Structures are given as C-alpha cells and as structure tokens.
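> Please find upload_6.tsv (TSV, C-alpha atoms) on the next line:
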```tsv
chain	number	residue	atom	x	y	z
L	1	MET	CA	-19.58	-24.74	7.63
L	2	GLN	CA	-23.09	-25.73	6.57
L	3	SER	CA	-25.89	-24.74	4.24
L	4	ILE	CA	-29.00	-23.16	5.75
L	5	SER	CA	-31.75	-20.91	4.40
L	6	LYS	CA	-31.63	-17.15	4.76
L	7	ASP	CA	-34.81	-17.24	6.87
L	8	ASP	CA	-33.23	-19.75	9.25
L	9	THR	CA	-30.10	-17.59	9.49
L	10	ILE	CA	-32.20	-14.57	10.43
L	11	LYS	CA	-33.99	-16.63	13.12
L	12	VAL	CA	-30.63	-17.62	14.59
L	13	ASN	CA	-29.53	-13.99	14.48
L	14	ILE	CA	-32.58	-12.93	16.48
L	15	ARG	CA	-31.47	-15.30	19.23
L	16	GLN	CA	-27.93	-14.05	18.88
L	17	ARG	CA	-29.10	-10.46	19.35
L	18	GLU	CA	-30.94	-11.42	22.54
L	19	PHE	CA	-27.82	-13.22	23.78
L	20	TYR	CA	-25.50	-10.26	23.25
L	21	ASN	CA	-27.99	-7.82	24.69
L	22	GLN	CA	-27.79	-9.74	27.98
L	23	PRO	CA	-24.33	-11.39	27.95
L	24	ASP	CA	-23.95	-11.84	31.70
L	25	LYS	CA	-27.30	-13.57	32.05
L	26	SER	CA	-27.07	-15.61	28.86
L	27	LYS	CA	-23.70	-17.33	29.27
L	28	ASN	CA	-23.41	-20.60	31.15
L	29	LYS	CA	-20.33	-21.64	33.14
L	30	VAL	CA	-18.67	-23.44	30.23
L	31	THR	CA	-19.08	-20.44	27.94
L	32	ASN	CA	-17.82	-18.09	30.65
L	33	LEU	CA	-14.74	-20.27	31.15
L	34	TRP	CA	-13.93	-20.29	27.45
L	35	SER	CA	-14.59	-16.54	27.25
L	36	TYR	CA	-12.12	-16.03	30.10
L	37	LEU	CA	-9.46	-18.13	28.37
L	38	ARG	CA	-10.03	-16.33	25.09
L	39	ASP	CA	-10.58	-12.78	26.29
L	40	LYS	CA	-8.21	-12.78	29.23
L	41	VAL	CA	-5.43	-15.34	28.83
L	42	LEU	CA	-5.05	-15.29	25.03
L	43	SER	CA	-5.80	-11.58	24.77
L	44	ASP	CA	-3.25	-10.73	27.46
L	45	PHE	CA	-0.61	-12.80	25.68
L	46	ARG	CA	-1.32	-11.11	22.34
L	47	ASP	CA	-1.19	-7.74	24.08
L	48	ASN	CA	1.99	-8.32	26.09
L	49	SER	CA	3.81	-9.95	23.16
L	50	GLY	CA	2.97	-7.12	20.77
L	51	ILE	CA	0.86	-9.33	18.48
L	52	LYS	CA	-2.28	-7.28	19.01
L	53	GLU	CA	-0.64	-3.98	18.06
L	54	GLN	CA	1.06	-5.67	15.11
L	55	VAL	CA	-2.29	-6.91	13.82
L	56	TYR	CA	-4.00	-3.53	14.13
L	57	ASN	CA	-1.12	-1.75	12.42
L	58	GLU	CA	-1.26	-4.27	9.60
L	59	HIS	CA	-5.00	-3.75	9.23
L	60	LYS	CA	-4.42	-0.01	8.86
L	61	THR	CA	-1.81	-0.71	6.20
L	62	TRP	CA	-4.15	-3.07	4.35
L	63	MET	CA	-6.96	-0.50	4.36
L	64	GLY	CA	-4.67	2.29	3.17
L	65	ASP	CA	-5.75	5.92	2.90
L	66	LEU	CA	-9.40	6.12	3.96
L	67	LYS	CA	-10.19	9.70	3.05
L	68	ASN	CA	-12.14	8.72	-0.09
L	69	LYS	CA	-13.37	5.35	1.15
L	70	LYS	CA	-16.73	4.09	2.36
L	71	VAL	CA	-16.22	1.58	5.17
L	72	LEU	CA	-18.55	-1.02	6.67
L	73	ASP	CA	-17.62	-2.10	10.20
L	74	LEU	CA	-19.47	-5.42	10.20
L	75	GLY	CA	-20.50	-6.91	13.54
L	76	CYS	CA	-18.72	-4.08	15.34
L	77	PHE	CA	-20.57	-4.58	18.66
L	78	ARG	CA	-19.89	-1.53	20.87
L	79	GLY	CA	-16.85	-0.68	18.76
L	80	ASN	CA	-13.62	-2.60	18.15
L	81	ALA	CA	-10.07	-1.27	18.43
L	82	LEU	CA	-10.18	0.41	15.00
L	83	SER	CA	-13.81	1.59	14.88
L	84	ILE	CA	-13.07	5.16	15.91
L	85	TYR	CA	-9.94	5.26	13.73
L	86	MET	CA	-12.02	4.28	10.69
L	87	ALA	CA	-14.89	6.58	11.63
L	88	LYS	CA	-12.54	9.55	11.94
L	89	ASN	CA	-10.57	8.94	8.77
L	90	ALA	CA	-13.04	7.46	6.26
L	91	ALA	CA	-15.16	9.55	3.92
L	92	SER	CA	-18.10	7.48	5.16
L	93	TYR	CA	-18.30	4.98	8.03
L	94	VAL	CA	-21.17	2.60	8.76
L	95	GLY	CA	-21.04	0.40	11.86
L	96	ILE	CA	-23.63	-2.37	12.21
L	97	ASP	CA	-24.32	-5.02	14.81
L	98	LEU	CA	-27.25	-7.17	15.90
L	99	SER	CA	-27.18	-5.78	19.44
L	100	ASP	CA	-29.05	-2.50	19.85
L	101	VAL	CA	-27.60	-2.20	23.36
L	102	ALA	CA	-24.06	-2.33	21.97
L	103	ILE	CA	-24.84	0.03	19.09
L	104	GLU	CA	-26.14	2.67	21.49
L	105	LYS	CA	-22.75	2.59	23.21
L	106	LEU	CA	-20.96	2.91	19.88
L	107	LYS	CA	-23.13	5.89	18.93
L	108	LYS	CA	-22.03	7.67	22.11
L	109	LYS	CA	-18.37	6.98	21.26
L	110	LEU	CA	-18.84	8.34	17.74
L	111	GLN	CA	-20.52	11.46	19.08
L	112	LYS	CA	-17.84	11.96	21.74
L	113	ASN	CA	-15.09	11.72	19.11
L	114	ASP	CA	-16.88	14.11	16.73
L	115	CYS	CA	-17.13	11.51	13.94
L	116	THR	CA	-19.32	13.56	11.63
L	117	HIS	CA	-19.19	11.13	8.68
L	118	ALA	CA	-20.16	8.09	10.73
L	119	VAL	CA	-23.40	6.27	11.51
L	120	ALA	CA	-24.22	3.12	13.47
L	121	TYR	CA	-27.21	0.82	13.10
L	122	ALA	CA	-28.60	-2.12	15.02
L	123	VAL	CA	-29.56	-4.27	12.05
L	124	ASP	CA	-29.14	-7.77	10.67
L	125	PHE	CA	-26.71	-7.77	7.73
L	126	TYR	CA	-29.15	-10.06	5.87
L	127	SER	CA	-32.18	-7.89	6.54
L	128	ASP	CA	-33.87	-5.90	3.78
L	129	ASP	CA	-33.69	-2.99	6.21
L	130	PHE	CA	-29.96	-2.79	5.57
L	131	LYS	CA	-29.87	-0.81	2.33
L	132	GLU	CA	-26.30	0.57	2.33
L	133	ARG	CA	-24.25	-0.33	-0.75
L	134	ASN	CA	-21.00	0.44	-2.59
L	135	PHE	CA	-18.53	-0.13	0.22
L	136	ASP	CA	-14.83	0.10	-0.56
L	137	ILE	CA	-13.87	-1.81	2.59
L	138	ILE	CA	-15.62	-4.28	4.87
L	139	TYR	CA	-13.86	-4.59	8.21
L	140	ALA	CA	-14.83	-7.86	9.89
L	141	TYR	CA	-12.90	-8.34	13.12
L	142	GLY	CA	-13.95	-11.60	14.78
L	143	VAL	CA	-17.11	-11.74	12.67
L	144	ILE	CA	-16.97	-14.06	9.65
L	145	HIS	CA	-16.89	-17.19	11.81
L	146	HIS	CA	-20.31	-16.25	13.20
L	147	PHE	CA	-21.89	-17.19	9.85
L	148	PRO	CA	-22.38	-20.96	9.33
L	149	ASP	CA	-23.12	-20.69	5.59
L	150	LEU	CA	-20.18	-18.90	3.97
L	151	ASN	CA	-21.62	-19.05	0.46
L	152	GLN	CA	-24.71	-17.25	1.73
L	153	LEU	CA	-22.56	-14.65	3.48
L	154	PHE	CA	-20.28	-14.09	0.51
L	155	ASP	CA	-23.26	-13.65	-1.82
L	156	ARG	CA	-24.51	-10.92	0.51
L	157	ILE	CA	-21.08	-9.31	0.69
L	158	GLU	CA	-20.92	-9.17	-3.10
L	159	GLU	CA	-24.22	-7.26	-3.08
L	160	VAL	CA	-22.80	-4.46	-0.94
L	161	LEU	CA	-19.06	-4.43	-1.79
L	162	LYS	CA	-17.67	-2.59	-4.80
L	163	PRO	CA	-16.09	-4.77	-7.51
L	164	ASP	CA	-12.63	-3.55	-6.46
L	165	GLY	CA	-13.45	-3.61	-2.74
L	166	ILE	CA	-11.60	-5.48	-0.02
L	167	ILE	CA	-12.44	-7.34	3.18
L	168	VAL	CA	-10.16	-7.30	6.23
L	169	THR	CA	-10.81	-10.25	8.54
L	170	TYR	CA	-9.63	-11.75	11.82
L	171	ASP	CA	-11.05	-15.07	12.95
L	172	PRO	CA	-10.34	-18.21	15.01
L	173	LEU	CA	-9.37	-21.54	13.47
L	174	GLN	CA	-10.15	-25.07	14.56
L	175	THR	CA	-7.66	-26.76	12.24
L	176	SER	CA	-5.07	-27.37	14.97
L	177	LEU	CA	-5.64	-30.79	16.57
L	178	PRO	CA	-5.34	-29.65	20.24
L	179	VAL	CA	-7.77	-26.79	19.59
L	180	LYS	CA	-10.16	-29.03	17.67
L	181	ILE	CA	-10.22	-31.54	20.54
L	182	ALA	CA	-10.85	-28.78	23.10
L	183	ARG	CA	-13.66	-27.28	21.03
L	184	THR	CA	-15.24	-30.70	20.48
L	185	LEU	CA	-15.33	-31.28	24.24
L	186	TYR	CA	-16.87	-27.97	25.24
L	187	ARG	CA	-19.04	-27.14	22.21
L	188	PRO	CA	-22.09	-29.22	23.29
L	189	PHE	CA	-22.28	-27.12	26.48
L	190	GLN	CA	-21.60	-23.76	24.82
L	191	SER	CA	-24.38	-21.14	25.12
L	192	ASP	CA	-23.45	-19.54	21.78
L	193	LYS	CA	-22.73	-22.74	19.82
L	194	ASP	CA	-25.38	-21.95	17.19
L	195	TRP	CA	-23.43	-18.96	15.88
L	196	GLU	CA	-19.81	-19.89	16.55
L	197	TRP	CA	-18.12	-21.60	13.58
L	198	PRO	CA	-14.31	-21.26	13.77
L	199	PHE	CA	-12.78	-21.96	10.37
L	200	ASP	CA	-12.01	-25.54	9.42
L	201	LYS	CA	-10.12	-26.57	6.29
L	202	LYS	CA	-13.29	-26.54	4.16
L	203	ALA	CA	-14.10	-23.00	5.27
L	204	LEU	CA	-10.58	-21.84	4.38
L	205	GLU	CA	-10.86	-23.52	0.98
L	206	LYS	CA	-14.20	-21.79	0.41
L	207	ILE	CA	-12.69	-18.40	1.23
L	208	GLY	CA	-9.84	-19.08	-1.18
L	209	SER	CA	-12.28	-20.03	-3.93
L	210	ARG	CA	-14.45	-16.91	-3.57
L	211	PHE	CA	-11.81	-14.24	-2.94
L	212	ARG	CA	-8.21	-13.54	-3.74
L	213	VAL	CA	-6.22	-13.74	-0.54
L	214	SER	CA	-3.85	-10.84	-1.15
L	215	ALA	CA	-2.28	-10.96	2.32
L	216	MET	CA	-2.43	-13.24	5.35
L	217	HIS	CA	-0.81	-13.85	8.72
L	218	GLY	CA	-1.09	-16.77	11.10
L	219	ILE	CA	-1.39	-16.16	14.84
L	220	LEU	CA	-0.77	-18.54	17.74
L	221	GLY	CA	0.65	-21.42	15.71
L	222	LYS	CA	4.02	-22.42	17.11
L	223	SER	CA	3.64	-19.57	19.60
L	224	LYS	CA	0.58	-21.15	21.27
L	225	TRP	CA	3.06	-23.32	23.15
L	226	SER	CA	4.57	-20.18	24.70
L	227	PHE	CA	2.33	-20.66	27.73
L	228	ILE	CA	4.27	-23.82	28.55
L	229	LEU	CA	7.67	-22.32	27.71
L	230	ASN	CA	6.98	-19.35	29.96
L	231	VAL	CA	6.94	-21.53	33.07
L	232	LEU	CA	10.08	-23.48	32.16
L	233	PRO	CA	13.39	-22.21	33.58
L	234	PHE	CA	15.73	-22.06	30.60
L	235	PRO	CA	17.84	-19.21	29.20
L	236	GLY	CA	16.81	-17.52	25.99
L	237	LYS	CA	13.13	-18.43	26.23
L	238	LYS	CA	12.04	-14.86	25.37
L	239	LYS	CA	14.05	-15.02	22.17
L	240	THR	CA	12.60	-18.46	21.39
L	241	ILE	CA	9.03	-17.22	21.91
L	242	SER	CA	9.67	-14.14	19.75
L	243	LYS	CA	10.98	-16.38	16.97
L	244	MET	CA	7.86	-18.57	17.21
L	245	ILE	CA	5.61	-15.50	16.93
L	246	GLU	CA	7.62	-14.27	13.95
L	247	ASP	CA	7.35	-17.66	12.20
L	248	ASP	CA	3.56	-17.64	12.66
L	249	TRP	CA	3.36	-14.11	11.27
L	250	LYS	CA	5.28	-15.11	8.13
L	251	ILE	CA	2.58	-17.60	7.12
L	252	SER	CA	1.12	-16.14	3.94
L	253	ARG	CA	-0.99	-18.85	2.35
L	254	ILE	CA	-3.55	-21.50	3.18
L	255	ASP	CA	-1.58	-24.67	3.84
L	256	LYS	CA	-0.49	-26.98	6.67
L	257	SER	CA	1.52	-24.18	8.31
L	258	LEU	CA	-1.65	-22.16	8.75
L	259	TYR	CA	-3.58	-25.20	10.01
L	260	ALA	CA	-1.38	-25.24	13.13
L	261	CYS	CA	-2.54	-21.73	14.09
L	262	MET	CA	-5.38	-20.78	16.41
L	263	GLN	CA	-6.23	-17.55	14.57
L	264	VAL	CA	-5.77	-15.99	11.15
L	265	THR	CA	-6.07	-12.51	9.68
L	266	MET	CA	-6.57	-11.96	5.96
L	267	ARG	CA	-6.93	-9.24	3.35
L	268	LEU	CA	-9.42	-10.48	0.77
L	269	GLU	CA	-10.00	-8.95	-2.64
L	270	ARG	CA	-13.25	-9.49	-4.46
L	271	VAL	CA	-13.05	-11.59	-7.60
L	272	VAL	CA	-15.53	-10.28	-10.17
L	273	ARG	CA	-17.07	-13.17	-12.08
```
In structure tokens, write the structure found in this file.


Amino acid sequence: MQSISKDDTIKVNIRQREFYNQPDKSKNKVTNLWSYLRDKVLSDFRDNSGIKEQVYNEHKTWMGDLKNKKVLDLGCFRGNALSIYMAKNAASYVGIDLSDVAIEKLKKKLQKNDCTHAVAYAVDFYSDDFKERNFDIIYAYGVIHHFPDLNQLFDRIEEVLKPDGIIVTYDPLQTSLPVKIARTLYRPFQSDKDWEWPFDKKALEKIGSRFRVSAMHGILGKSKWSFILNVLPFPGKKKTISKMIEDDWKISRIDKSLYACMQVTMRLERVVR
C-alpha cells in the first residue's frame, strides 16, 4: 500500500489496459508461471474442494435480493462468475473494466443472455468519464488489490456508493510468511507488478478503519497445506483437508488467524462520517 497522485494512478491504468488487451504478448515467463499456479493449480483446488461454489453462494447471500438494487461490477474484465447473475437480477447493472477488448466480450454475453437492464463500459474508475452514481452494491472480485493507494480508492468509492451501500470483495493476501517470501522472490520479474498489491497487514487495517467488516471468510489458510497432504498416504486425509477448509472459512475478523490465509473475501458496509 502506498500513496500516489490520481494522475499517476491513471497513467499506470493506461499501461494496465494495454497489458490486459494483449495478455499473451505482455506476460513474461515468470508472470505466466505464477498465473498458471494461481489460475490452474489453486483454482482447480478451490473448484474440486467446493470452496469456489461456497464463495459464490455466499456472495449471493451477502448481496441479497437485487431486484431494486443498482450494482457496479468493478474491474469485471470479460465477466466474472456472477456478472450475468447480477445483470439478470439487478434493477440496474453496470460493468466496467479498463480493457475495451474484454468489455466487448462482456457486452456480447449480456446481449446473448437478454440482460436488458445492463450496460458495460471500458473506462477507468477514476476517470471523469465515469459518471454513474448511487450504487447499492459494488462487486469487486479480485479487484481491490490492483489499487496501490487504498485511501484514494475508498474516497472514489464513497463518491459513487450510497450511504447504506455495501462492497463485496475477494482478494489475495501476502500476510502468510511462505506466500510473502514467494512473492518477494518473483515480484521483481513480474510483468504486472505495478498494479498487483496483495493485502498486507497495513492494507487490512486500512480497510477496517474505513468500512465496517460485516462478514468475512478466510481461504487457503491451514488448507493451503492440502497440496502436501494430498500426496501423503495416510487414512482420513480427505476428512482432515475438509476440516482445514472449514476452519479457514470460520475466520470472521482481521487477526492472526486471517494472516495465515492466502485469500480473503469480505462484505464491507460504508461508514458515513
């Protein structure tokens, strides 16, 4: 987490847009390796263990009935797992991302699914061109950690979110020592290092100071060691892994239990000052 000017943030976002418009050409070998570990190995584990479905179901519960709600799908890329669900069920859905290539794909999905109350824009969230306001919900799946200056981001969120609005987030952490060491080793070689800021303890404290954390779950804390347990021949390992996943899921506040996790999902309520 750092402090930078809005103009500098927008300059970084221009580079980020170019990167995500040409992902195959922009990523170096180190970034591709980490993307594989994250998007294939970790994603497959979350999928096969039921964590992924559990998270999405919880997000639906946190958002509640959408029929009278205006929803912002922030940094949605070509559409996340709940984009069409929100677009179909919300009174108004707005999906935004830096990548115009990705947004064109989302627009086709929205049209195909007859989402008549939905629009998608390729626009910088900080840009004056983004004029939408009065959102009931901001859905930020894998997005908040792309902003280095959280105070700057939260000020912008307060401009567009209703006083009683909520934010649903899902982001990586770098508070676990093994993960922090791994990130420290590969970060200097990472193609997208200028807009990847997994939460550290200061970032979590900042979130807790600006919003009320009304719900939270840890992911891949104890259960991150499941990859090792899976290859060991001992009886009852499936039950052991399930218990580890359950223990991570029960984490409900920012403390040392959460610091052991690789990822966190939160329901944040705006605090009107």

> I'd like the neighbourhood of Tyr93 (chain L) as a list of chain:residue names, where a residue qualifies if any of its atoms comes within 8 Å (using all atoms listed in the file), though same-chain residues fewer than 6 positions away should be ignored.

L:Lys70, L:Val71, L:Leu72, L:Asp73, L:Met86, L:Ala87, L:His117, L:Ala118, L:Val119

> Taking into account all atoms listed in the file, which residue in the set L:Lys222, L:Lys60, L:Lys11, L:Lys69 is nearest to Ser92 (chain L)?

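Distance minimum relative to Ser92 (chain L) lands on L:Lys69.
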
> For Arg15 (chain L), find every residue with an atom within 12 Å (counting only C-alpha atoms), except residues of its own chain fewer than 6 positions away, and show them as a CSV table (one decimal) with C-alpha atoms, keeping the file's coordinate frame.


```csv
chain,number,residue,atom,x,y,z
L,8,ASP,CA,-33.2,-19.8,9.2
L,9,THR,CA,-30.1,-17.6,9.5
L,21,ASN,CA,-28.0,-7.8,24.7
L,22,GLN,CA,-27.8,-9.7,28.0
L,23,PRO,CA,-24.3,-11.4,28.0
L,26,SER,CA,-27.1,-15.6,28.9
L,98,LEU,CA,-27.2,-7.2,15.9
L,99,SER,CA,-27.2,-5.8,19.4
L,124,ASP,CA,-29.1,-7.8,10.7
L,191,SER,CA,-24.4,-21.1,25.1
L,192,ASP,CA,-23.4,-19.5,21.8
L,193,LYS,CA,-22.7,-22.7,19.8
L,194,ASP,CA,-25.4,-22.0,17.2
L,195,TRP,CA,-23.4,-19.0,15.9
```

> Record the distance separating CA of Pro148 (chain L) and CA of Asn57 (chain L), expressed in Å with one decimal.

28.8 Å

> Which residues are near Ala260 (chain L)? Cut-off 10 Å, all atoms listed in the file, ignore same chain within fewer than 2 positions. Put them as a PyMOL selection string.

chain L and resi 173-179+218-224+248+255-258+262-263

> Considering all atoms listed in the file, state which residue in the set L:Phe189, L:Lys88, L:Arg212, L:Ser83 is at the smallest distance from His59 (chain L).

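So, comparing all the options, the nearest one is L:Ser83.
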
> Quick one: everything within 12 Å of Asp7 (chain L), counting all atoms listed in the file, minus sequence neighbours fewer than 6 positions away in the same chain. Send it as number ranges by chain.

L: 13-14, 124, 126-128, 152

> Hey, which of L:Val213, L:Val101, L:Ile245, L:Leu268 ends up closest to Tyr139 (chain L)? Count all atoms listed in the file.

L:Leu268

> Could you jot down the CA of Asn113 (chain L) to CA of Leu74 (chain L) separation for me, Å, one decimal place?

19.8 Å

> Using Å and a single decimal, report how far CA of Asp100 (chain L) sits from CA of Tyr20 (chain L).

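Rounded to one decimal, the two atoms are 9.2 Å apart.
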
> Enclose all atoms of region 194-210 of chain L listed in the file in an axis-aligned box, grow every side by 4 Å, and hand back centre and edge lengths in Å to one decimal, as JSON.


```
{"center_x": -17.6, "center_y": -21.7, "center_z": 6.6, "size_x": 23.5, "size_y": 17.7, "size_z": 29.1}
```

> List as a list in words the residues having at least one atom at most 9 Å from position (-14.9, -14.2, -0.1) as given in the file, counting only C-alpha atoms.

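Protein and nucleic acid residues near the point are Leu150, Asn151, Leu153, Phe154, Asp155, Ile157, Glu158, Ile167, Lys206, Ile207, Gly208, Ser209, Arg210, Phe211, Arg212, Val213, Leu268, Glu269, Arg270 and Val271 of chain L.
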
> Which of these, L:Ser226, L:Ser3, L:Thr184, L:Asn89, has the shortest distance to Lys239 (chain L) once you count all atoms listed in the file?

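Checking each candidate against Lys239 (chain L), we get L:Ser226 as the closest.
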
> Could you tell me which of L:Val94, L:Met63, L:Leu42, L:Cys261 comes closest to Asp200 (chain L) if we count all atoms listed in the file?

L:Cys261
